[in-house]
Amino acid sequence: KDEQPEWVAYKVSSNNYNKRISRTNDYREDPFVKTKSASPNDYHGSGYDMGHLAPAHAMAYNYTSMSESFYLSNISPQKASFNRGIWSNLEDKVRENALNLGGVYVVTGPVLSNTCGTIGGGITVPCSFYKVIFKEGSSPKMIGFLLSNSGSSLPLKNFIVSVDEIEKLTNLDFFSSLPDDVEGSLEANKSPLGWSF
């Protein structure tokens with residue numbers, strides 16, 4: 001009903017980045033969404049960017065994955081100052097952390113419980129977006145970010161929140177296959193220790 005995903009999940013590692021694969025910029029409806037997805041025309045003249053959730057640069061495994069990242073089922077309305085500013089900065093830092101740590105998992109999306117109107121054919125404009133980053137292994141760690149859909153020059157560490165807080169806002173249960181005690185400890189954390197944000 002919001003014409004965008006509640007969440008997307010992807011892994012970021014050195015395998016994601018193939019310099020031979022260029023951005024395709026072929027924004028289009030997702031033919032696999034049976035209820036019909038948003039289209040680029042819905043965004044035309046809206047004042048909002050077609051903002052990637054799983055970023056194009058992290059989908060450069062091959063031409064197909066790059067092109068499919070431009071399906072509107074991976075897109076939310078984002079203010080230009082947000083999409084091209086702090087959101088892009090956060091995506092770059094996720095990539096840096098992933099390369100330094102040998103890969104991370106990311107879940108990201110809009111907070112659809114708090115909206116700022118609609119555009120086009122009823123596409124919900126989220127007031128905020130989240131990102132949850134998880135590093136598995138013998139010393140697992142997790143960190144969450146919650147950002148308003150607006151430009152900001154504040155440091156990224158100002159937007160760190162517990163994953164528990166994001167779960168309450170979104171009514172989603174991230175990384176639920178982890179043992180409960182591990183999940184509980186990681187999702188309560190708000191410390192950037194061990195991350196370079």
# chains A, B, ... in the order shown; residues from 1 in each chain; ligands from 1
>>> residues_around(residues="segment 89-93 of chain A", least_positions_apart="6", cutoff="9 Å", atoms="only C-alpha atoms", output="ChimeraX atom specification")
/A:55,58,131,156,196-197
>>> select_by_dssp(residues="segment 20-187 of chain A", states="strand (DSSP E or B)", output="ChimeraX atom specification")
/A:28,49-52,71,75-78,104-110,115-119,123-126,128-135,141-148,160-161
>>> residues_around(residues="Glu68 of chain A", least_positions_apart="6", cutoff="12 Å", atoms="only C-alpha atoms", output="list in words")
Arg23, Thr24, Asn25, Asp26, Tyr27, Arg28, Glu29, Asp30, Pro31, Phe32, His52, Ala54, Pro55, Ala56, Ala58, Met59, Ala60, Tyr61, Asn62, Asn74 and Ile75 of chain A
>>> select_by_dssp(residues="segment 8-194 of chain A", states="alpha helix (DSSP H)", output="PyMOL selection string")
chain A and resi 40-43+63-68+80-81+87-101+163-170+180-188
>>> residues_around(residues="Val182 of chain A", least_positions_apart="5", cutoff="10 Å", atoms="only C-alpha atoms", output="PDB file with all heavy atoms, in the first residue's frame")
ATOM      1  N   PRO A 140      30.442 -11.152  17.236  1.00  0.00           N
ATOM      2  CA  PRO A 140      29.467 -10.445  16.402  1.00  0.00           C
ATOM      3  C   PRO A 140      29.174  -9.061  16.943  1.00  0.00           C
ATOM      4  O   PRO A 140      29.326  -8.801  18.140  1.00  0.00           O
ATOM      5  CB  PRO A 140      28.226 -11.342  16.462  1.00  0.00           C
ATOM      6  CG  PRO A 140      28.344 -12.053  17.765  1.00  0.00           C
ATOM      7  CD  PRO A 140      29.819 -12.249  17.979  1.00  0.00           C
ATOM      8  N   LYS A 141      28.749  -8.190  16.063  1.00  0.00           N
ATOM      9  CA  LYS A 141      28.348  -6.850  16.498  1.00  0.00           C
ATOM     10  C   LYS A 141      27.268  -6.314  15.578  1.00  0.00           C
ATOM     11  O   LYS A 141      27.143  -6.744  14.414  1.00  0.00           O
ATOM     12  CB  LYS A 141      29.531  -5.909  16.586  1.00  0.00           C
ATOM     13  CG  LYS A 141      30.361  -5.793  15.354  1.00  0.00           C
ATOM     14  CD  LYS A 141      31.616  -4.989  15.662  1.00  0.00           C
ATOM     15  CE  LYS A 141      32.601  -5.089  14.534  1.00  0.00           C
ATOM     16  NZ  LYS A 141      33.853  -4.466  14.823  1.00  0.00           N
ATOM     17  N   GLU A 187      21.125  -6.145  19.926  1.00  0.00           N
ATOM     18  CA  GLU A 187      20.103  -5.176  19.536  1.00  0.00           C
ATOM     19  C   GLU A 187      19.905  -4.072  20.566  1.00  0.00           C
ATOM     20  O   GLU A 187      19.308  -3.044  20.260  1.00  0.00           O
ATOM     21  CB  GLU A 187      18.786  -5.900  19.239  1.00  0.00           C
ATOM     22  CG  GLU A 187      18.898  -6.734  17.975  1.00  0.00           C
ATOM     23  CD  GLU A 187      17.615  -7.418  17.555  1.00  0.00           C
ATOM     24  OE1 GLU A 187      16.641  -7.410  18.351  1.00  0.00           O
ATOM     25  OE2 GLU A 187      17.579  -7.954  16.438  1.00  0.00           O
TER      26      GLU A 187
END
>>> closest_atom_pairs(of="segment 97-182 of chain A", to="segment 7-11 of chain A", cutoff="9 Å", atoms="only C-alpha atoms", output="CSV")
residue,atom,partner,partner_atom,distance
A:Ala98,CA,A:Lys11,CA,8.9
A:Gly103,CA,A:Lys11,CA,7.0
A:Val104,CA,A:Lys11,CA,5.8
A:Tyr105,CA,A:Lys11,CA,4.4
A:Val106,CA,A:Tyr10,CA,5.5
A:Val107,CA,A:Ala9,CA,4.3
A:Thr108,CA,A:Trp7,CA,5.4
A:Gly109,CA,A:Trp7,CA,4.4
A:Pro110,CA,A:Trp7,CA,7.1
A:Leu172,CA,A:Trp7,CA,8.9
>>> atom_distance(atom1="atom CA of Lys168 of chain A", atom2="atom CA of Val94 of chain A")
23.0 Å
>>> residues_around(residues="Ile86 of chain A", least_positions_apart="3", cutoff="10 Å", atoms="only C-alpha atoms", output="number ranges by chain")
A: 81-83, 89-92, 147-156
>>> atom_distance(atom1="atom CA of Asn114 of chain A", atom2="atom CA of Tyr130 of chain A")
12.3 Å
>>> closest_residue(among="A:Arg20, A:Thr124, A:Leu101, A:Lys79", to="Gln4 of chain A", atoms="only C-alpha atoms")
A:Thr124
>>> atom_distance(atom1="atom CA of Thr35 of chain A", atom2="atom CA of Phe129 of chain A")
23.7 Å
>>> residues_around(residues="segment 159-163 of chain A", least_positions_apart="4", cutoff="8 Å", atoms="only C-alpha atoms", output="number ranges by chain")
A: 132, 142-147, 155, 167, 186-192
>>> decode(residues="segment 164-178 of chain A", atoms="all heavy atoms", output="tab-separated table (two decimals), in the first residue's frame")
chain	number	residue	atom	x	y	z
A	164	ASP	N	16.86	-2.25	18.88
A	164	ASP	CA	15.57	-2.39	19.59
A	164	ASP	C	14.64	-1.22	19.27
A	164	ASP	O	13.44	-1.40	19.05
A	164	ASP	CB	15.78	-2.46	21.10
A	164	ASP	CG	16.30	-3.81	21.57
A	164	ASP	OD1	16.04	-4.82	20.87
A	164	ASP	OD2	16.95	-3.86	22.63
A	165	GLU	N	15.20	-0.02	19.26
A	165	GLU	CA	14.40	1.18	18.99
A	165	GLU	C	13.83	1.15	17.57
A	165	GLU	O	12.67	1.50	17.34
A	165	GLU	CB	15.24	2.44	19.20
A	165	GLU	CG	14.47	3.73	19.07
A	165	GLU	CD	15.31	4.96	19.37
A	165	GLU	OE1	16.32	4.85	20.10
A	165	GLU	OE2	14.95	6.04	18.86
A	166	ILE	N	14.65	0.72	16.62
A	166	ILE	CA	14.20	0.63	15.22
A	166	ILE	C	13.10	-0.43	15.10
A	166	ILE	O	12.11	-0.24	14.40
A	166	ILE	CB	15.38	0.34	14.28
A	166	ILE	CG1	16.39	1.49	14.33
A	166	ILE	CG2	14.88	0.13	12.85
A	166	ILE	CD1	17.70	1.19	13.62
A	167	GLU	N	13.27	-1.54	15.80
A	167	GLU	CA	12.25	-2.60	15.77
A	167	GLU	C	10.91	-2.10	16.30
A	167	GLU	O	9.85	-2.44	15.76
A	167	GLU	CB	12.72	-3.82	16.55
A	167	GLU	CG	13.83	-4.59	15.86
A	167	GLU	CD	14.23	-5.86	16.57
A	167	GLU	OE1	14.07	-5.93	17.81
A	167	GLU	OE2	14.71	-6.78	15.90
A	168	LYS	N	10.96	-1.31	17.35
A	168	LYS	CA	9.70	-0.76	17.90
A	168	LYS	C	9.01	0.16	16.91
A	168	LYS	O	7.79	0.15	16.77
A	168	LYS	CB	9.98	-0.02	19.21
A	168	LYS	CG	10.25	-0.93	20.38
A	168	LYS	CD	10.58	-0.14	21.63
A	168	LYS	CE	11.07	-1.10	22.71
A	168	LYS	NZ	11.67	-0.42	23.84
A	169	LEU	N	9.80	0.98	16.21
A	169	LEU	CA	9.23	1.93	15.23
A	169	LEU	C	8.67	1.23	14.00
A	169	LEU	O	7.69	1.69	13.41
A	169	LEU	CB	10.30	2.92	14.78
A	169	LEU	CG	10.68	4.02	15.76
A	169	LEU	CD1	11.91	4.77	15.24
A	169	LEU	CD2	9.53	4.99	15.96
A	170	THR	N	9.31	0.13	13.60
A	170	THR	CA	8.95	-0.52	12.33
A	170	THR	C	8.09	-1.77	12.51
A	170	THR	O	7.52	-2.27	11.54
A	170	THR	CB	10.22	-0.94	11.57
A	170	THR	OG1	10.98	-1.85	12.39
A	170	THR	CG2	11.06	0.28	11.22
A	171	ASN	N	8.03	-2.29	13.74
A	171	ASN	CA	7.33	-3.54	14.02
A	171	ASN	C	7.95	-4.71	13.23
A	171	ASN	O	7.26	-5.61	12.80
A	171	ASN	CB	5.83	-3.42	13.71
A	171	ASN	CG	5.02	-4.46	14.48
A	171	ASN	OD1	5.41	-4.88	15.56
A	171	ASN	ND2	3.92	-4.89	13.90
A	172	LEU	N	9.27	-4.65	13.04
A	172	LEU	CA	10.02	-5.71	12.37
A	172	LEU	C	10.98	-6.35	13.37
A	172	LEU	O	11.40	-5.71	14.34
A	172	LEU	CB	10.82	-5.13	11.20
A	172	LEU	CG	10.01	-4.52	10.06
A	172	LEU	CD1	10.92	-3.78	9.08
A	172	LEU	CD2	9.20	-5.58	9.33
A	173	ASP	N	11.32	-7.61	13.14
A	173	ASP	CA	12.25	-8.35	13.99
A	173	ASP	C	13.47	-8.70	13.15
A	173	ASP	O	13.43	-9.61	12.33
A	173	ASP	CB	11.56	-9.61	14.52
A	173	ASP	CG	12.42	-10.37	15.51
A	173	ASP	OD1	13.50	-9.85	15.90
A	173	ASP	OD2	12.02	-11.49	15.88
A	174	PHE	N	14.55	-7.96	13.32
A	174	PHE	CA	15.75	-8.15	12.52
A	174	PHE	C	16.59	-9.31	13.05
A	174	PHE	O	16.70	-9.50	14.26
A	174	PHE	CB	16.60	-6.87	12.52
A	174	PHE	CG	15.87	-5.66	12.03
A	174	PHE	CD1	15.53	-4.63	12.90
A	174	PHE	CD2	15.49	-5.54	10.70
A	174	PHE	CE1	14.85	-3.51	12.45
A	174	PHE	CE2	14.81	-4.44	10.24
A	174	PHE	CZ	14.49	-3.42	11.13
A	175	PHE	N	17.19	-10.06	12.15
A	175	PHE	CA	18.13	-11.13	12.48
A	175	PHE	C	17.56	-12.07	13.55
A	175	PHE	O	18.22	-12.42	14.51
A	175	PHE	CB	19.48	-10.54	12.89
A	175	PHE	CG	20.08	-9.70	11.80
A	175	PHE	CD1	20.07	-8.31	11.88
A	175	PHE	CD2	20.64	-10.28	10.67
A	175	PHE	CE1	20.60	-7.54	10.85
A	175	PHE	CE2	21.17	-9.50	9.64
A	175	PHE	CZ	21.16	-8.14	9.73
A	176	SER	N	16.30	-12.47	13.35
A	176	SER	CA	15.58	-13.27	14.34
A	176	SER	C	16.12	-14.69	14.47
A	176	SER	O	15.79	-15.38	15.43
A	176	SER	CB	14.09	-13.31	14.00
A	176	SER	OG	13.91	-13.82	12.69
A	177	SER	N	16.95	-15.15	13.53
A	177	SER	CA	17.49	-16.50	13.64
A	177	SER	C	18.70	-16.59	14.58
A	177	SER	O	19.17	-17.69	14.88
A	177	SER	CB	17.86	-17.05	12.26
A	177	SER	OG	18.86	-16.26	11.68
A	178	LEU	N	19.18	-15.45	15.06
A	178	LEU	CA	20.26	-15.47	16.05
A	178	LEU	C	19.74	-16.04	17.37
A	178	LEU	O	18.56	-15.89	17.68
A	178	LEU	CB	20.77	-14.04	16.31
A	178	LEU	CG	21.57	-13.37	15.20
A	178	LEU	CD1	21.78	-11.89	15.53
A	178	LEU	CD2	22.91	-14.06	15.00
